[in-house]
Amino acid sequence: MDYSLKHFELIYKTHYPDMYRMAYSITENREDSRDAVGHVFAQLWKQQPDINPASIRGYLLAATRNQSISIVRERMLTAELQEDQLVEQSRQHEMEHEELMDELKQAISEQLTEQDRRILRMHYDEDMTYRQTADALGISPSAVNKHISKSLSKIRTVFRFTR
C-alpha cells in the first residue's frame with residue numbers, strides 16, 4: 001500500500017466518516033469517537049502495515065471497533081475505580097465520625113455532672129427550648145444557659161487536648 005502523504009490524506013478523507021460513525025455507535029461519546037479514529041490513523045501512519053488496498057476499509061473499521069471497545073472498557077474501569085475510592089472514603093468518614101461520637105460521649109460522661117447531661121439531652125436531643133427545659137427542671141432559663149455554656153466549654157477543652 002502507498003503511504004505517501006497525498007494517498008494517506010485520501011484514505012483519511014474517504015474513510016473517516018464511516019470510522020467515526022462506527023466509533024460513536026460503540027462509545028456514544030463524540031470526543032472518545034474522535035480519539036478512537038485518531039488513534040487508528042496514527043497507528044496506521046506509524047506502523048504502515050502492508051495492507052491490500054482493496055481491504056483497507058475493512059481493516060480501518062475493525063481497528064476502529066477494537067479501539068472503541070478498548071476506550072469503553074477503560075472508561076468503565078475508571079468509573080469502577082472512582083466508585084471504589086468513593087466507597088472507601090465514605091467508610092473512612094463513617095469510622096472517623098464514629099470515633100468522634102465515642103470521644104464526645106466519653107467526654108460528656110466523664111466531664112459533666114448529671115444535671116449538665118440532663119440539660120444537654122433535653123435541649124439538643126429532645127429539641128426543647130431553654131424555657132421548656134427550665135420549666136421541666138424547675139430552674140431558670142439563665143441557669144439552663146449557664147449549664148449549657150459551661151458544658152460546651154468543658155467539652156471543647158477536652159477536644160482541644162485530645163486532638
# chains A, B, ... in the order shown; residues from 1 in each chain; ligands from 1
>>> residues_around(residues="A:Leu137", least_positions_apart="2", cutoff="12 Å", atoms="only C-alpha atoms", output="ChimeraX atom specification")
/A:115-116,118-119,122-123,128,130-135,139-141,143-144
>>> select_by_dssp(residues="chain A", states="alpha helix (DSSP H)", output="MDAnalysis selection string")
chainID A and resid 5:27 30:47 56:111 114:120 130:137 141:162
>>> atom_distance(atom1="atom CA of A:Asp127", atom2="atom CA of A:His147")
15.9 Å
>>> residues_around(residues="A:Ile155", least_positions_apart="6", cutoff="9 Å", atoms="only C-alpha atoms", output="PyMOL selection string")
chain A and resi 104+107-108+111-112
>>> closest_residue(among="A:Val158, A:Ile26, A:Glu83, A:Leu44", to="A:Asp2", atoms="only C-alpha atoms")
A:Leu44
>>> residues_around(residues="A:Ala62", least_positions_apart="2", cutoff="12 Å", atoms="only C-alpha atoms", output="list in words")
Asp18, Met19, Met22, Ala23, Ala36, Val37, Val40, Ser55, Ile56, Arg57, Gly58, Tyr59, Leu60, Thr64, Arg65, Asn66, Gln67, Ser68 and Ile69 of chain A
>>> write_last_selection(atoms="N, CA and C atoms", output="PDB file, in the first residue's frame")
ATOM      1  N   ASP A  18     -17.116   6.970   8.045  1.00  0.00           N
ATOM      2  CA  ASP A  18     -17.595   5.638   8.443  1.00  0.00           C
ATOM      3  C   ASP A  18     -16.932   5.184   9.739  1.00  0.00           C
ATOM      4  N   MET A  19     -15.660   5.498   9.887  1.00  0.00           N
ATOM      5  CA  MET A  19     -14.944   5.115  11.107  1.00  0.00           C
ATOM      6  C   MET A  19     -15.516   5.854  12.315  1.00  0.00           C
ATOM      7  N   MET A  22     -18.838   4.343  13.286  1.00  0.00           N
ATOM      8  CA  MET A  22     -18.593   3.069  13.959  1.00  0.00           C
ATOM      9  C   MET A  22     -18.180   3.327  15.414  1.00  0.00           C
ATOM     10  N   ALA A  23     -17.231   4.235  15.579  1.00  0.00           N
ATOM     11  CA  ALA A  23     -16.738   4.540  16.928  1.00  0.00           C
ATOM     12  C   ALA A  23     -17.858   5.117  17.796  1.00  0.00           C
ATOM     13  N   ALA A  36     -10.673   7.610  19.169  1.00  0.00           N
ATOM     14  CA  ALA A  36     -10.519   6.255  18.624  1.00  0.00           C
ATOM     15  C   ALA A  36     -10.066   6.310  17.171  1.00  0.00           C
ATOM     16  N   VAL A  37     -10.737   7.112  16.380  1.00  0.00           N
ATOM     17  CA  VAL A  37     -10.391   7.217  14.961  1.00  0.00           C
ATOM     18  C   VAL A  37      -8.994   7.821  14.802  1.00  0.00           C
ATOM     19  N   VAL A  40      -6.393   5.204  15.500  1.00  0.00           N
ATOM     20  CA  VAL A  40      -6.262   4.240  14.398  1.00  0.00           C
ATOM     21  C   VAL A  40      -5.422   4.839  13.270  1.00  0.00           C
ATOM     22  N   SER A  55      -8.643  -4.025   0.842  1.00  0.00           N
ATOM     23  CA  SER A  55      -9.052  -4.415   2.197  1.00  0.00           C
ATOM     24  C   SER A  55      -8.945  -3.278   3.208  1.00  0.00           C
ATOM     25  N   ILE A  56      -8.522  -2.111   2.775  1.00  0.00           N
ATOM     26  CA  ILE A  56      -8.255  -1.016   3.705  1.00  0.00           C
ATOM     27  C   ILE A  56      -9.488  -0.616   4.514  1.00  0.00           C
ATOM     28  N   ARG A  57     -10.656  -0.568   3.902  1.00  0.00           N
ATOM     29  CA  ARG A  57     -11.878  -0.179   4.615  1.00  0.00           C
ATOM     30  C   ARG A  57     -12.155  -1.149   5.755  1.00  0.00           C
ATOM     31  N   GLY A  58     -12.131  -2.428   5.470  1.00  0.00           N
ATOM     32  CA  GLY A  58     -12.375  -3.446   6.499  1.00  0.00           C
ATOM     33  C   GLY A  58     -11.350  -3.373   7.617  1.00  0.00           C
ATOM     34  N   TYR A  59     -10.081  -3.165   7.234  1.00  0.00           N
ATOM     35  CA  TYR A  59      -9.006  -3.055   8.219  1.00  0.00           C
ATOM     36  C   TYR A  59      -9.266  -1.861   9.147  1.00  0.00           C
ATOM     37  N   LEU A  60      -9.578  -0.704   8.562  1.00  0.00           N
ATOM     38  CA  LEU A  60      -9.797   0.508   9.352  1.00  0.00           C
ATOM     39  C   LEU A  60     -11.021   0.381  10.260  1.00  0.00           C
ATOM     40  N   THR A  64     -10.928   0.401  14.233  1.00  0.00           N
ATOM     41  CA  THR A  64     -11.749   1.404  14.930  1.00  0.00           C
ATOM     42  C   THR A  64     -12.642   0.736  15.969  1.00  0.00           C
ATOM     43  N   ARG A  65     -13.265  -0.375  15.595  1.00  0.00           N
ATOM     44  CA  ARG A  65     -14.113  -1.113  16.539  1.00  0.00           C
ATOM     45  C   ARG A  65     -13.289  -1.537  17.759  1.00  0.00           C
ATOM     46  N   ASN A  66     -12.117  -2.119  17.515  1.00  0.00           N
ATOM     47  CA  ASN A  66     -11.278  -2.579  18.624  1.00  0.00           C
ATOM     48  C   ASN A  66     -10.828  -1.424  19.518  1.00  0.00           C
ATOM     49  N   GLN A  67     -10.438  -0.330  18.920  1.00  0.00           N
ATOM     50  CA  GLN A  67     -10.007   0.833  19.700  1.00  0.00           C
ATOM     51  C   GLN A  67     -11.172   1.421  20.487  1.00  0.00           C
ATOM     52  N   SER A  68     -12.342   1.468  19.905  1.00  0.00           N
ATOM     53  CA  SER A  68     -13.529   1.997  20.589  1.00  0.00           C
ATOM     54  C   SER A  68     -13.892   1.122  21.775  1.00  0.00           C
ATOM     55  N   ILE A  69     -13.847  -0.182  21.580  1.00  0.00           N
ATOM     56  CA  ILE A  69     -14.137  -1.104  22.685  1.00  0.00           C
ATOM     57  C   ILE A  69     -13.120  -0.917  23.798  1.00  0.00           C
TER      58      ILE A  69
END
>>> atom_distance(atom1="atom CA of A:Val87", atom2="atom CA of A:Met101")
20.8 Å
>>> atom_distance(atom1="atom CA of A:Ile148", atom2="atom CA of A:Arg117")
9.1 Å
>>> residues_around(residues="stretch 41-43 of chain A", least_positions_apart="2", cutoff="12 Å", atoms="only C-alpha atoms", output="PyMOL selection string")
chain A and resi 3+8-9+11-13+15-16+19-20+34-39+45-49+56+59-61+63-64+67
>>> write_last_selection(atoms="N, CA and C atoms", output="CSV table (one decimal), in the first residue's frame")
chain,number,residue,atom,x,y,z
A,3,TYR,N,2.0,4.8,1.1
A,3,TYR,CA,1.8,5.6,2.3
A,3,TYR,C,2.4,7.0,2.1
A,8,PHE,N,-2.3,9.0,1.8
A,8,PHE,CA,-2.8,8.9,3.2
A,8,PHE,C,-3.9,9.9,3.5
A,9,GLU,N,-3.8,11.1,3.0
A,9,GLU,CA,-4.8,12.1,3.1
A,9,GLU,C,-6.1,11.6,2.4
A,11,ILE,N,-7.1,8.5,2.0
A,11,ILE,CA,-7.6,7.4,2.8
A,11,ILE,C,-8.4,8.0,4.0
A,12,TYR,N,-7.8,9.0,4.6
A,12,TYR,CA,-8.4,9.7,5.7
A,12,TYR,C,-9.7,10.3,5.4
A,13,LYS,N,-9.7,11.1,4.3
A,13,LYS,CA,-10.9,11.8,3.9
A,13,LYS,C,-12.0,10.8,3.5
A,15,HIS,N,-12.4,7.5,4.5
A,15,HIS,CA,-12.9,6.5,5.5
A,15,HIS,C,-13.2,7.1,6.8
A,16,TYR,N,-12.8,8.4,7.1
A,16,TYR,CA,-13.1,9.0,8.4
A,16,TYR,C,-14.6,9.0,8.8
A,19,MET,N,-15.7,5.5,9.9
A,19,MET,CA,-14.9,5.1,11.1
A,19,MET,C,-15.5,5.9,12.3
A,20,TYR,N,-15.8,7.1,12.1
A,20,TYR,CA,-16.4,7.9,13.2
A,20,TYR,C,-17.7,7.4,13.6
A,34,ARG,N,-13.7,10.5,18.3
A,34,ARG,CA,-12.6,11.2,17.6
A,34,ARG,C,-11.3,10.6,18.0
A,35,ASP,N,-11.1,10.4,19.3
A,35,ASP,CA,-9.9,9.8,19.8
A,35,ASP,C,-9.6,8.4,19.2
A,36,ALA,N,-10.7,7.6,19.2
A,36,ALA,CA,-10.5,6.3,18.6
A,36,ALA,C,-10.1,6.3,17.2
A,37,VAL,N,-10.7,7.1,16.4
A,37,VAL,CA,-10.4,7.2,15.0
A,37,VAL,C,-9.0,7.8,14.8
A,38,GLY,N,-8.7,8.8,15.6
A,38,GLY,CA,-7.4,9.5,15.5
A,38,GLY,C,-6.3,8.5,15.9
A,39,HIS,N,-6.5,7.6,16.9
A,39,HIS,CA,-5.6,6.6,17.3
A,39,HIS,C,-5.3,5.6,16.1
A,45,TRP,N,-0.3,5.3,10.3
A,45,TRP,CA,0.8,6.1,9.8
A,45,TRP,C,2.2,5.6,10.4
A,46,LYS,N,2.1,5.3,11.7
A,46,LYS,CA,3.4,4.9,12.4
A,46,LYS,C,3.8,3.6,11.9
A,47,GLN,N,2.9,2.6,11.8
A,47,GLN,CA,3.3,1.2,11.5
A,47,GLN,C,3.4,0.9,10.0
A,48,GLN,N,2.6,1.6,9.3
A,48,GLN,CA,2.5,1.4,7.8
A,48,GLN,C,2.5,-0.1,7.5
A,49,PRO,N,1.4,-0.8,7.9
A,49,PRO,CA,1.3,-2.2,7.7
A,49,PRO,C,1.1,-2.4,6.2
A,56,ILE,N,-8.5,-2.1,2.8
A,56,ILE,CA,-8.3,-1.0,3.7
A,56,ILE,C,-9.5,-0.6,4.5
A,59,TYR,N,-10.1,-3.2,7.2
A,59,TYR,CA,-9.0,-3.1,8.2
A,59,TYR,C,-9.3,-1.9,9.1
A,60,LEU,N,-9.6,-0.7,8.6
A,60,LEU,CA,-9.8,0.5,9.4
A,60,LEU,C,-11.0,0.4,10.3
A,61,LEU,N,-12.1,-0.2,9.7
A,61,LEU,CA,-13.3,-0.4,10.6
A,61,LEU,C,-13.1,-1.4,11.7
A,63,ALA,N,-10.1,-2.0,13.1
A,63,ALA,CA,-9.2,-1.3,14.1
A,63,ALA,C,-10.0,-0.3,14.9
A,64,THR,N,-10.9,0.4,14.2
A,64,THR,CA,-11.7,1.4,14.9
A,64,THR,C,-12.6,0.7,16.0
A,67,GLN,N,-10.4,-0.3,18.9
A,67,GLN,CA,-10.0,0.8,19.7
A,67,GLN,C,-11.2,1.4,20.5
>>> closest_residue(among="A:Asp125, A:Asn145, A:Val72, A:Lys6", to="A:Ser25", atoms="only C-alpha atoms")
A:Val72
>>> closest_residue(among="A:Met1, A:Met76, A:Met95, A:Leu86", to="A:Asn52", atoms="only C-alpha atoms")
A:Met1
